[in-house]
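Encoded as structure tokens, the structure appears first; notes follow it.
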Amino acid sequence: MLSIFNSNKLFFLFTLFFSTLITISSNSWFGCWIGLEINLLSFIPLINNSYNIMTSEASLKYFLTQTIASINFLFSIMLKMILLKNFEINNFISIMINSSMLMKMGSAPFHFWFPNIVEGLSWFNNFILMTWQKISPLILLSYYFNNNFLIIMIILNIIIGAINGINQTSLRKMMAFSSINNLGWMITSIMISENLCLFYIIMYSFLIMIMCMLFYIINLFFINQLFFINMNYLIKINLFINFLSLGGLPPFIGFFPKWIIINFLIMNNMYLMSSFFIFMSLIMLFFYIRILYSSFMFNYMKLKWFKINFKNNIKLFMNLMSFLSIMGMILSTLFFF
């Protein structure tokens with residue numbers, strides 16, 4: 001976990017947040033590119049840890065993939081400036097810019113680096129990678145998107161995120177494929193409205209924050225660890241509500257933004273796409289329920305000695321998260337009425 005007393009880490013965390021603001025407030029493509037580069041150079045020191053060889057490998061992979069995407073983006077904006085009038089070239093440039101942004105986010109079919117890097121990171125760094133690091137590319141994607149190209153990418157994200165998550169035993173890889181699936185919803189929301197996308201990102205970030213904090217507190221990394229841990233009932237309630245909310249099951253709060261997106265797709269006669277979204281959400285719920293089943297049903301008597309003792313501040317956090325999760329469920333039920 002990131003130590004709050006480490007001034008170097010705090011500095012890089014500040015520049016990470018500041019670089020995103022540079023990117024989204026810039027009035028030129030070149031300024032956006034500079035913001036993305038500052039973001040990349042801020043995140044690598046955060047994920048790198050000299051005591052863990054996995055983080056070194058993850059930081060190198062992250063640097064290489066982001067550099068390739070940045071070169072592609074820089075080449076595209078230079079080409080755009082030179083050949084501004086040509087419509088056919090303009091269409092090709094929009095696909096190139098979209099591809100580089102999708103690669104930066106770890107979107108399918110450029111997702112191959114994403115689960116491997118997630119596997120080597122701590123839960124705190126995973127939270128940043130799955131939420132904050134997606135904001136800049138998503139905003140840039142909304143500036144200059146190719147409609148037909150993005151629809152294909154959305155369907156690929158939804159399918160690959162759902163199908164590949166089924167056979168995972170690692171919770172980090174499972175959350176990575178869940179992130180790829182949710183990215184499909186995010187891209188759809190930004191094609192509809194920026195406000196809807198902002199709402200979706202806030203909801204998703206809130207749920208991911210609770211999940212990552214829970215996994216960090218219990219020190220969970222694999223599904224089979226759930227068989228052996230005699231968990232506190234508060235953790236079980238939190239896991240239950242937030243996993244089902246992340247999967248988009250009504251009446252949980254995570255269903256609300258998905259419901260708006262599906263409603264928009266049906267209103268615009270995109271029945272095939274909306275049915276893809278619903279069917280793949282069922283697959284996502286299947287492997288979330290598999291985790292919940294493991295944590296609720298398996299309880300070994302011989303391992304009753306293995307208890308998790310929380311400090312008072314962590315207990316307070318857990319109570320707060322439980323309250324917010326249950327209140328979210330009540331509020332979302334009122335929204336639907």
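Identifiers for the structure tokens are assigned positionally: chains receive A, B, ... in sequence, residues are indexed from 1 per chain, and ligands are indexed from 1 in the order shown.
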*Would you please give, as a VMD selection string, all residues of stretch 10-127 of chain A that DSSP assigns to helix (DSSP H, G or I) based on the backbone?*
chain A and resid 10 to 25 29 to 47 53 to 82 87 to 105 113 to 119 123 to 127
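Contact shell of A:Thr23 at 9 Å (only C-alpha atoms; same-chain neighbours under 6 positions omitted): Trp29, Gly31, Cys32, Trp33, Ile34, Gly35, Leu36, Ser136, Pro137, Ile139 and Leu140 of chain A.
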Just to be explicit: take each residue in the selection above, keep all heavy atoms, and write the result as a short mmCIF file (atom, residue, chain, number, x, y, z; two decimals), in the first residue's frame.
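Done, and the output landed in selection_24.cif:
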data_model
loop_
_atom_site.label_atom_id
_atom_site.label_comp_id
_atom_site.auth_asym_id
_atom_site.auth_seq_id
_atom_site.Cartn_x
_atom_site.Cartn_y
_atom_site.Cartn_z
N TRP A 29 -3.86 19.34 -29.42
CA TRP A 29 -3.52 17.92 -29.35
C TRP A 29 -2.14 17.71 -28.74
O TRP A 29 -1.91 16.74 -28.01
CB TRP A 29 -3.56 17.30 -30.75
CG TRP A 29 -4.94 17.08 -31.27
CD1 TRP A 29 -5.55 17.75 -32.29
CD2 TRP A 29 -5.90 16.12 -30.81
NE1 TRP A 29 -6.82 17.29 -32.49
CE2 TRP A 29 -7.06 16.28 -31.60
CE3 TRP A 29 -5.90 15.15 -29.80
CZ2 TRP A 29 -8.20 15.51 -31.42
CZ3 TRP A 29 -7.04 14.38 -29.63
CH2 TRP A 29 -8.17 14.56 -30.41
N GLY A 31 -0.68 19.55 -26.48
CA GLY A 31 -0.81 19.72 -25.02
C GLY A 31 -1.39 18.47 -24.36
O GLY A 31 -0.97 18.08 -23.26
N CYS A 32 -2.34 17.84 -25.06
CA CYS A 32 -2.92 16.57 -24.57
C CYS A 32 -1.85 15.49 -24.48
O CYS A 32 -1.79 14.73 -23.51
CB CYS A 32 -4.04 16.10 -25.49
SG CYS A 32 -5.46 17.20 -25.52
N TRP A 33 -1.00 15.44 -25.50
CA TRP A 33 0.08 14.44 -25.54
C TRP A 33 1.07 14.66 -24.39
O TRP A 33 1.49 13.70 -23.75
CB TRP A 33 0.80 14.53 -26.90
CG TRP A 33 1.98 13.62 -27.01
CD1 TRP A 33 1.96 12.27 -27.22
CD2 TRP A 33 3.36 13.98 -26.89
NE1 TRP A 33 3.25 11.77 -27.26
CE2 TRP A 33 4.13 12.81 -27.05
CE3 TRP A 33 4.02 15.20 -26.68
CZ2 TRP A 33 5.52 12.80 -26.99
CZ3 TRP A 33 5.40 15.20 -26.62
CH2 TRP A 33 6.14 14.02 -26.77
N ILE A 34 1.40 15.93 -24.12
CA ILE A 34 2.32 16.25 -23.00
C ILE A 34 1.71 15.78 -21.67
O ILE A 34 2.40 15.18 -20.83
CB ILE A 34 2.63 17.77 -22.96
CG1 ILE A 34 3.54 18.14 -24.14
CG2 ILE A 34 3.29 18.17 -21.64
CD1 ILE A 34 3.68 19.62 -24.37
N GLY A 35 0.41 16.04 -21.49
CA GLY A 35 -0.28 15.60 -20.27
C GLY A 35 -0.24 14.09 -20.10
O GLY A 35 -0.01 13.59 -18.99
N LEU A 36 -0.43 13.36 -21.20
CA LEU A 36 -0.38 11.89 -21.16
C LEU A 36 1.01 11.38 -20.80
O LEU A 36 1.17 10.40 -20.08
CB LEU A 36 -0.81 11.31 -22.52
CG LEU A 36 -2.30 11.44 -22.88
CD1 LEU A 36 -2.51 11.05 -24.33
CD2 LEU A 36 -3.16 10.57 -21.98
N SER A 136 -8.29 10.36 -18.79
CA SER A 136 -7.70 11.15 -19.89
C SER A 136 -7.97 10.54 -21.27
O SER A 136 -8.46 11.25 -22.16
CB SER A 136 -6.18 11.32 -19.69
OG SER A 136 -5.92 11.93 -18.48
N PRO A 137 -7.66 9.25 -21.49
CA PRO A 137 -7.94 8.67 -22.81
C PRO A 137 -9.42 8.71 -23.19
O PRO A 137 -9.75 8.92 -24.36
CB PRO A 137 -7.45 7.22 -22.68
CG PRO A 137 -6.46 7.23 -21.57
CD PRO A 137 -6.96 8.27 -20.63
N ILE A 139 -11.67 11.00 -22.29
CA ILE A 139 -12.02 12.37 -22.68
C ILE A 139 -11.49 12.66 -24.09
O ILE A 139 -12.19 13.25 -24.92
CB ILE A 139 -11.46 13.39 -21.66
CG1 ILE A 139 -12.07 13.17 -20.26
CG2 ILE A 139 -11.69 14.83 -22.13
CD1 ILE A 139 -13.54 13.44 -20.14
N LEU A 140 -10.25 12.24 -24.37
CA LEU A 140 -9.66 12.46 -25.71
C LEU A 140 -10.43 11.67 -26.77
O LEU A 140 -10.55 12.11 -27.91
CB LEU A 140 -8.18 12.07 -25.72
CG LEU A 140 -7.23 12.92 -24.86
CD1 LEU A 140 -5.80 12.46 -25.02
CD2 LEU A 140 -7.33 14.40 -25.22
#
Can you check which parts of stretch 114-209 of chain A lie within 10 Å of stretch 233-252 of chain A? Per residue, the shortest pair of atoms and distance in Å to one decimal, counting only C-alpha atoms, sorted by chain and number, as a tab-separated table.
residue	atom	partner	partner_atom	distance
A:Ser178	CA	A:Gly247	CA	8.6
A:Ser179	CA	A:Leu246	CA	10.0
A:Asn181	CA	A:Gly247	CA	10.0
A:Asn182	CA	A:Leu246	CA	8.9
A:Met203	CA	A:Leu246	CA	9.1
A:Tyr204	CA	A:Leu246	CA	7.3
A:Phe206	CA	A:Asn242	CA	9.6
A:Leu207	CA	A:Asn242	CA	6.2
A:Ile208	CA	A:Leu246	CA	8.1
*Residue neighbourhood A:Lys173, 8 Å, only C-alpha atoms, exclusion window fewer than 5 positions, as a PyMOL selection string*: chain A and resi 115-116+118-119+165+168
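Proximity to stretch 57-68 of chain A at 7 Å, evaluated using only C-alpha atoms and with sequence-adjacent residues fewer than 3 positions away removed, yields A:Ile44, A:Ile47, A:Asn48, A:Ile53, A:Met54, A:Ile71, A:Asn72, A:Lys104, A:Ile117, A:Gly120.
Separating atom CA of A:Met174 from atom CA of A:Ile210 is a distance of 15.7 Å.
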